[in-house]
Each structure stands twice: as C-alpha cells, then as structure tokens.
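Read the structure below first, then the notes.
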Amino acid sequence: MNKIVVLDGYTLNPGDLFWDNLDTLGDCSIYDRTVPEDVVSRIADAKIVLINKIVMGRDVIEQLPNVKYIGVLATGYNVVDIWAAAENGITVTNIPIYGTESVAQMVFAHLLNLNQHVAAHAASVADGKWSTCHDFCFWDFPLIELHDLTMGIIGYGRIGKSTARLATAFGMKVIGHDKYATETGGIELMELDEVFKQADVISLHCPLTEETESLVNQRRLSLMKPTAFLINTSRGPLVDETALAKALNDGKIAGAGLDVVSTEPVSPDNPLMQARNCYITPHIAWATFSARQRLLNTAVDNVKAFLNGASQNVVNFPV
C-alpha cells in the first residue's frame, strides 16, 4: 500500500475538516507539525508527502530514495527545490486555485476597516462612550465613502480580477498594472508608477519574483496621494517595510492593511508593528472554511491523478 505522510497539516485542518478521502488512497500518517530535524525520519519510507510550509531543500530531498511525489498544500511552492526534486524523479504539485474569492474578500475587510473602523467604534460604544455622549452620534476617525474612489490593482490575475469586480460593485473606478495581462476585463491598464499616482487604494496581487521584490519602495510610496491606502494580501516581500513604516508615520500615505509580512510569524521588531494606522492580520486571507475545503479536495485529487499516472497541477517535471 502507498505510504502517505502529511508533515504539517494543522494550518489547513485544525480539526474542522476531514482527511478521510486521503486515507482511502494509502497508509496515511498525519502530523500537525514537524520540526526540521524530524522531516527525513518521518518520510523516509513514504512514497507521497504533503507539506505546507515545511522546507524541502536539496539536502532533504537527496535523503529520500522512496519519495516519488511532493504535494504542496498551497499555491506558492518556493519551499521545495523543484530542480532537485526533478533530478531525483519526484513529481511536485501545488494547489493553484482555491482561495480567490476569500482573498478578494479580505482586501475589502482591510479597506473597510481603514475607511470606517467598525471594530474600534464598536469597542468605544462598549466602553461607554456613546452612553455618555452629548450628541446622538460620534466618530473617532474620518469616515470615507468608497464610491467614486480609484482602486489600483497591481497584478491582474484571478484574484486581481475578483478584487476588481468587488471594487466595481462599490462604485469605484478600477485601474491596474500587469505586464502579462492578455485581456483587461474592462479596466484601464497603465504603467506601474501611474497607478501609484492615480489610485486612492493600491491592492497588491502579483507573485514574488526578483522583479517584484520591494516593488512598493520609498520612491513609489512618494508617488501616492497622502489620502491613499495600501492593501497587501499577496506576498510580504513585495513591500519595503521600513519605507512603508516611515511613509505611514510621516503621513505620506493614510494607512495600510496587510495580511502578509516579509518574515512570518511577524517579528516583534518589524517596523510596521508600531506604524501609524497600520493593521496587520496573521496571513488568514486564504483560510476561510470554504477555501480550505477546496484546497483539501484539490490536494486529494492531485494525489489520485498522480497514482493514476496522469498528474495534474505539476510545477516540475522529473527527468
């Protein structure tokens, strides 16, 4: 029977999903978490390995003569040395589509928080401020209407398009930048710097590459309106965090909503932790129940396809 090992299953399934469909495909061992020194021993006799954030570098892969398949339980697969895997006859797959609508939803969760501060106002009511107010209402922050504001989307793939649809529903004008977009879906695509100049909200949806690392830097932040917001639900290193913290603290831009940072979990000394009007959530845009269920279903389908000799969502090709 095929030996299947999940090395870090807790983030995907903290207990509200079921591994039953995976269990039908082989002899399964499910670990919530695995420390680096236990990786090789736990999968030495496995044929199929599923990981989320466990690093599978060349040094690990070359110690695994029995492993023939590594399934990454995410879209990004930079945790695996795909070239070493290919050289060792190991197929690597990912989950390319599962959280599109959930991530776009988080964009607007952050944006609405920046515009209306619902939780902060609710907390002030709970603290008694409304009960003792001399007027029938109060607000502790400026309240901003989205209608007629301009959303600038950097990266016009599936999530970028979904975010654009939501922005349009709010009555926003949508502009964007994507070097590789083949169709615009009705929005105006323009040069990157021009998006930073025109947008009231910048939302990042591009992959992390050498070209996009620190895409949001001091120069581009200086192009933004002082009333503009930055939202990042994509990859932390797209943003120069020191430059963003300074721009926020100096009032060069109005606020930021971030679901990702450069090093995760976030370091207590990350400059954004103390930055003005900056809200950070713990990389949860992808993690709605519906998205995680789709992810798990696709992971099982990927394993089935591999076992049937017709692998899908392959990100490398064994040589």
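In the structure tokens, chains take letters A, B, ... by order of appearance, with residues numbered from 1 within each chain and ligands from 1 in the order shown.
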### Message
I need the helix (DSSP H, G or I) residues of segment 139-189 of chain A per DSSP on the backbone, written as a VMD selection string.
### Response
chain A and resid 158 to 169
Output N, CA and C atoms for every residue in the selection just made, as an mmCIF file, in the first residue's frame.
data_model
loop_
_atom_site.group_PDB
_atom_site.id
_atom_site.type_symbol
_atom_site.label_atom_id
_atom_site.label_comp_id
_atom_site.auth_asym_id
_atom_site.auth_seq_id
_atom_site.Cartn_x
_atom_site.Cartn_y
_atom_site.Cartn_z
ATOM 1 N N ARG A 158 -6.303 36.031 -11.402
ATOM 2 C CA ARG A 158 -7.619 35.640 -10.898
ATOM 3 C C ARG A 158 -8.048 36.479 -9.695
ATOM 4 N N ILE A 159 -7.159 36.643 -8.715
ATOM 5 C CA ILE A 159 -7.541 37.387 -7.514
ATOM 6 C C ILE A 159 -7.670 38.869 -7.825
ATOM 7 N N GLY A 160 -6.782 39.392 -8.666
ATOM 8 C CA GLY A 160 -6.899 40.779 -9.075
ATOM 9 C C GLY A 160 -8.229 41.063 -9.753
ATOM 10 N N LYS A 161 -8.653 40.145 -10.612
ATOM 11 C CA LYS A 161 -9.943 40.320 -11.305
ATOM 12 C C LYS A 161 -11.112 40.248 -10.327
ATOM 13 N N SER A 162 -11.034 39.327 -9.371
ATOM 14 C CA SER A 162 -12.104 39.224 -8.378
ATOM 15 C C SER A 162 -12.174 40.489 -7.527
ATOM 16 N N THR A 163 -11.013 41.020 -7.158
ATOM 17 C CA THR A 163 -10.972 42.273 -6.405
ATOM 18 C C THR A 163 -11.553 43.418 -7.228
ATOM 19 N N ALA A 164 -11.265 43.430 -8.512
ATOM 20 C CA ALA A 164 -11.815 44.471 -9.397
ATOM 21 C C ALA A 164 -13.333 44.406 -9.437
ATOM 22 N N ARG A 165 -13.885 43.196 -9.476
ATOM 23 C CA ARG A 165 -15.356 43.061 -9.504
ATOM 24 C C ARG A 165 -15.976 43.628 -8.231
ATOM 25 N N LEU A 166 -15.359 43.345 -7.089
ATOM 26 C CA LEU A 166 -15.885 43.881 -5.832
ATOM 27 C C LEU A 166 -15.757 45.407 -5.803
ATOM 28 N N ALA A 167 -14.640 45.920 -6.275
ATOM 29 C CA ALA A 167 -14.454 47.372 -6.304
ATOM 30 C C ALA A 167 -15.520 48.030 -7.173
ATOM 31 N N THR A 168 -15.792 47.428 -8.306
ATOM 32 C CA THR A 168 -16.826 47.963 -9.200
ATOM 33 C C THR A 168 -18.185 47.955 -8.520
ATOM 34 N N ALA A 169 -18.468 46.892 -7.757
ATOM 35 C CA ALA A 169 -19.744 46.817 -7.050
ATOM 36 C C ALA A 169 -19.881 47.942 -6.020
#
### Message
Using DSSP assignments from the backbone, pull out every residue in segment 23-178 of chain A that falls under strand (DSSP E) and give it to me as a list in words.
### Response
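The strand (DSSP E) subset of segment 23-178 of chain A is Asp27, Cys28, Ser29, Ile30, Ile48, Val49, Leu50, Ile51, Tyr69, Ile70, Gly71, Val72, Thr91, Val92, Thr93, Thr150, Met151, Gly152, Ile153, Ile154, Lys173, Val174, Ile175, Gly176 and His177 of chain A.
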## Note on the structure
Atom pair atom CA of Asn115 of chain A + atom CA of Thr184 of chain A, distance 27.5 Å
### Within 12 Å of Thr93 of chain A using only C-alpha atoms, minus same-chain residues under 2 positions, as a PyMOL selection string
chain A and resi 48-52+68-80+82+85-86+90-91+95-96+298-303+305-306+311-318
Taking only residues of segment 92-136 of chain A that have an atom at most 10 Å from an atom of segment 144-153 of chain A, what is each one's shortest atom pair and its distance in Å to one decimal, using only C-alpha atoms, in chain and number order, as JSON lines?
{"residue": "A:Leu111", "atom": "CA", "partner": "A:Leu146", "partner_atom": "CA", "distance": 9.1}
{"residue": "A:Leu112", "atom": "CA", "partner": "A:Leu146", "partner_atom": "CA", "distance": 8.7}
{"residue": "A:Leu114", "atom": "CA", "partner": "A:Ile144", "partner_atom": "CA", "distance": 8.6}
{"residue": "A:Asn115", "atom": "CA", "partner": "A:Ile144", "partner_atom": "CA", "distance": 5.0}
{"residue": "A:Gln116", "atom": "CA", "partner": "A:Ile144", "partner_atom": "CA", "distance": 6.6}
### Query
Neighbours of Glu194 of chain A within 12 Å (only C-alpha atoms; same-chain residues fewer than 3 positions away dropped), as an NGL selection string?
:A and (152-154 or 175-177 or 188-191 or 197-199 or 202 or 220-221 or 223-225)
Saved selection, atoms kept: N, CA and C atoms, as a CSV table (one decimal), in the first residue's frame:
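Output saved as result-v6.csv:
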chain,number,residue,atom,x,y,z
A,152,GLY,N,-6.4,50.8,-7.5
A,152,GLY,CA,-5.3,50.4,-8.3
A,152,GLY,C,-4.9,49.0,-8.0
A,153,ILE,N,-5.0,48.1,-9.0
A,153,ILE,CA,-4.7,46.7,-8.8
A,153,ILE,C,-3.4,46.4,-9.4
A,154,ILE,N,-2.4,45.9,-8.7
A,154,ILE,CA,-1.1,45.5,-9.2
A,154,ILE,C,-1.1,44.0,-9.3
A,175,ILE,N,-8.3,50.8,-12.0
A,175,ILE,CA,-7.2,50.8,-12.9
A,175,ILE,C,-6.2,49.8,-12.4
A,176,GLY,N,-5.2,49.4,-13.3
A,176,GLY,CA,-4.3,48.4,-12.9
A,176,GLY,C,-3.1,48.3,-13.7
A,177,HIS,N,-2.2,47.4,-13.2
A,177,HIS,CA,-0.9,47.2,-14.0
A,177,HIS,C,-0.7,45.7,-13.9
A,188,GLU,N,-8.8,49.9,-17.0
A,188,GLU,CA,-7.7,50.5,-17.7
A,188,GLU,C,-6.3,50.1,-17.1
A,189,LEU,N,-5.5,49.4,-18.0
A,189,LEU,CA,-4.2,49.0,-17.5
A,189,LEU,C,-3.2,50.1,-17.9
A,190,MET,N,-2.2,50.4,-17.1
A,190,MET,CA,-1.3,51.5,-17.3
A,190,MET,C,0.0,51.2,-16.7
A,191,GLU,N,1.0,52.1,-16.9
A,191,GLU,CA,2.3,51.9,-16.3
A,191,GLU,C,2.2,51.9,-14.8
A,197,LYS,N,0.3,56.9,-8.7
A,197,LYS,CA,0.0,58.3,-8.7
A,197,LYS,C,-1.5,58.5,-8.6
A,198,GLN,N,-2.3,57.7,-9.4
A,198,GLN,CA,-3.7,58.0,-9.5
A,198,GLN,C,-4.6,57.3,-8.5
A,199,ALA,N,-4.2,56.2,-7.9
A,199,ALA,CA,-5.1,55.4,-7.1
A,199,ALA,C,-5.3,56.0,-5.7
A,202,ILE,N,-4.2,51.1,-3.3
A,202,ILE,CA,-3.4,50.2,-4.1
A,202,ILE,C,-3.6,48.8,-3.4
A,220,ARG,N,8.1,54.8,-4.8
A,220,ARG,CA,6.7,54.6,-5.3
A,220,ARG,C,5.8,55.1,-4.2
A,221,LEU,N,6.1,54.9,-2.9
A,221,LEU,CA,5.3,55.4,-1.9
A,221,LEU,C,5.2,57.0,-2.0
A,223,LEU,N,5.0,58.6,-4.6
A,223,LEU,CA,4.1,59.0,-5.7
A,223,LEU,C,2.6,58.9,-5.2
A,224,MET,N,2.3,58.2,-4.1
A,224,MET,CA,1.0,58.1,-3.7
A,224,MET,C,0.4,59.3,-3.1
A,225,LYS,N,-0.9,59.4,-3.2
A,225,LYS,CA,-1.6,60.5,-2.5
A,225,LYS,C,-1.5,60.4,-1.0
### Selection near Thr24 of chain A, 12 Å with only C-alpha atoms, sequence-local residues under 5 positions removed, as a ChimeraX atom specification
/A:1-4,18-19,300-301,303-304
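Residue nearest Thr182 of chain A within the list A:Val201, A:Gly157, A:Gly128, A:Tyr10: A:Gly157 [criterion: smallest interatomic distance, only C-alpha atoms].
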#### Entry: Gap from atom CA of Asn94 of chain A to atom CA of Leu296 of chain A - Å, one decimal
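Atom CA of Asn94 of chain A sits 11.3 Å away from atom CA of Leu296 of chain A.
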### Query
Mind pulling up the distance from atom CA of Asn113 of chain A to atom CA of Thr227 of chain A?
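Atom CA of Asn113 of chain A lies at a distance of 14.9 Å from atom CA of Thr227 of chain A.
For the set A:Asn308, A:Gln293, A:Val266, A:Glu213, the residue with the smallest atom-to-atom gap to Asp16 of chain A is A:Gln293, counting only C-alpha atoms.
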### Task
Just the residues within 10 Å of Val261 of chain A, please, counting only C-alpha atoms, with nothing from its chain fewer than 5 positions along; format it as a list in words.
Asn232, Thr233, Ser234, Arg235, Gly236, Pro237, Leu238, Val239, Asp240, Glu241, Val266, Ser267, Asn270, Leu272, Ile280, Thr281, Pro282 and His283 of chain A
Keeping only N, CA and C atoms, write those residues as a PDB file, in the first residue's frame.
ATOM      1  N   ASN A 232      -2.107  44.778   1.139  1.00  0.00           N
ATOM      2  CA  ASN A 232      -1.297  43.659   0.640  1.00  0.00           C
ATOM      3  C   ASN A 232      -1.813  42.345   1.194  1.00  0.00           C
ATOM      4  N   THR A 233      -2.424  41.548   0.326  1.00  0.00           N
ATOM      5  CA  THR A 233      -2.850  40.192   0.672  1.00  0.00           C
ATOM      6  C   THR A 233      -2.079  39.180  -0.165  1.00  0.00           C
ATOM      7  N   SER A 234      -0.960  39.584  -0.740  1.00  0.00           N
ATOM      8  CA  SER A 234      -0.235  38.746  -1.679  1.00  0.00           C
ATOM      9  C   SER A 234       1.011  38.140  -1.036  1.00  0.00           C
ATOM     10  N   ARG A 235       2.132  38.821  -1.081  1.00  0.00           N
ATOM     11  CA  ARG A 235       3.382  38.338  -0.505  1.00  0.00           C
ATOM     12  C   ARG A 235       4.065  39.491   0.233  1.00  0.00           C
ATOM     13  N   GLY A 236       4.545  39.220   1.434  1.00  0.00           N
ATOM     14  CA  GLY A 236       5.137  40.260   2.259  1.00  0.00           C
ATOM     15  C   GLY A 236       6.301  40.985   1.624  1.00  0.00           C
ATOM     16  N   PRO A 237       7.259  40.273   1.010  1.00  0.00           N
ATOM     17  CA  PRO A 237       8.444  40.958   0.466  1.00  0.00           C
ATOM     18  C   PRO A 237       8.171  41.850  -0.747  1.00  0.00           C
ATOM     19  N   LEU A 238       6.924  41.930  -1.199  1.00  0.00           N
ATOM     20  CA  LEU A 238       6.609  42.922  -2.230  1.00  0.00           C
ATOM     21  C   LEU A 238       6.791  44.343  -1.693  1.00  0.00           C
ATOM     22  N   VAL A 239       6.810  44.465  -0.367  1.00  0.00           N
ATOM     23  CA  VAL A 239       6.835  45.779   0.273  1.00  0.00           C
ATOM     24  C   VAL A 239       8.139  45.975   1.036  1.00  0.00           C
ATOM     25  N   ASP A 240       8.774  47.114   0.839  1.00  0.00           N
ATOM     26  CA  ASP A 240       9.883  47.538   1.682  1.00  0.00           C
ATOM     27  C   ASP A 240       9.267  48.040   2.986  1.00  0.00           C
ATOM     28  N   GLU A 241       9.346  47.227   4.028  1.00  0.00           N
ATOM     29  CA  GLU A 241       8.604  47.514   5.253  1.00  0.00           C
ATOM     30  C   GLU A 241       9.124  48.742   5.987  1.00  0.00           C
ATOM     31  N   VAL A 266       5.243  37.222  12.260  1.00  0.00           N
ATOM     32  CA  VAL A 266       5.828  38.554  12.268  1.00  0.00           C
ATOM     33  C   VAL A 266       6.771  38.724  13.461  1.00  0.00           C
ATOM     34  N   SER A 267       7.881  39.388  13.219  1.00  0.00           N
ATOM     35  CA  SER A 267       8.843  39.678  14.282  1.00  0.00           C
ATOM     36  C   SER A 267       8.343  40.861  15.111  1.00  0.00           C
ATOM     37  N   ASN A 270       9.465  44.187  13.825  1.00  0.00           N
ATOM     38  CA  ASN A 270       9.089  44.655  12.487  1.00  0.00           C
ATOM     39  C   ASN A 270       8.613  46.102  12.603  1.00  0.00           C
ATOM     40  N   LEU A 272       6.618  47.835  11.065  1.00  0.00           N
ATOM     41  CA  LEU A 272       5.196  48.054  10.827  1.00  0.00           C
ATOM     42  C   LEU A 272       4.348  47.777  12.060  1.00  0.00           C
ATOM     43  N   ILE A 280      -2.362  44.749  10.726  1.00  0.00           N
ATOM     44  CA  ILE A 280      -1.769  43.509  10.242  1.00  0.00           C
ATOM     45  C   ILE A 280      -2.592  42.331  10.735  1.00  0.00           C
ATOM     46  N   THR A 281      -3.021  41.470   9.813  1.00  0.00           N
ATOM     47  CA  THR A 281      -3.686  40.221  10.177  1.00  0.00           C
ATOM     48  C   THR A 281      -2.732  39.062   9.884  1.00  0.00           C
ATOM     49  N   PRO A 282      -2.904  37.912  10.570  1.00  0.00           N
ATOM     50  CA  PRO A 282      -1.897  36.844  10.545  1.00  0.00           C
ATOM     51  C   PRO A 282      -2.005  35.885   9.354  1.00  0.00           C
ATOM     52  N   HIS A 283      -1.906  36.422   8.135  1.00  0.00           N
ATOM     53  CA  HIS A 283      -1.899  35.620   6.907  1.00  0.00           C
ATOM     54  C   HIS A 283      -3.101  34.672   6.859  1.00  0.00           C
TER      55      HIS A 283
END
#### Entry: Closest of A:Ile30, A:Val55, A:Ala104, A:Ala310 to Leu12 of chain A - atom-to-atom distances counting only C-alpha atoms
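So, comparing all the options, the nearest one is A:Ile30.
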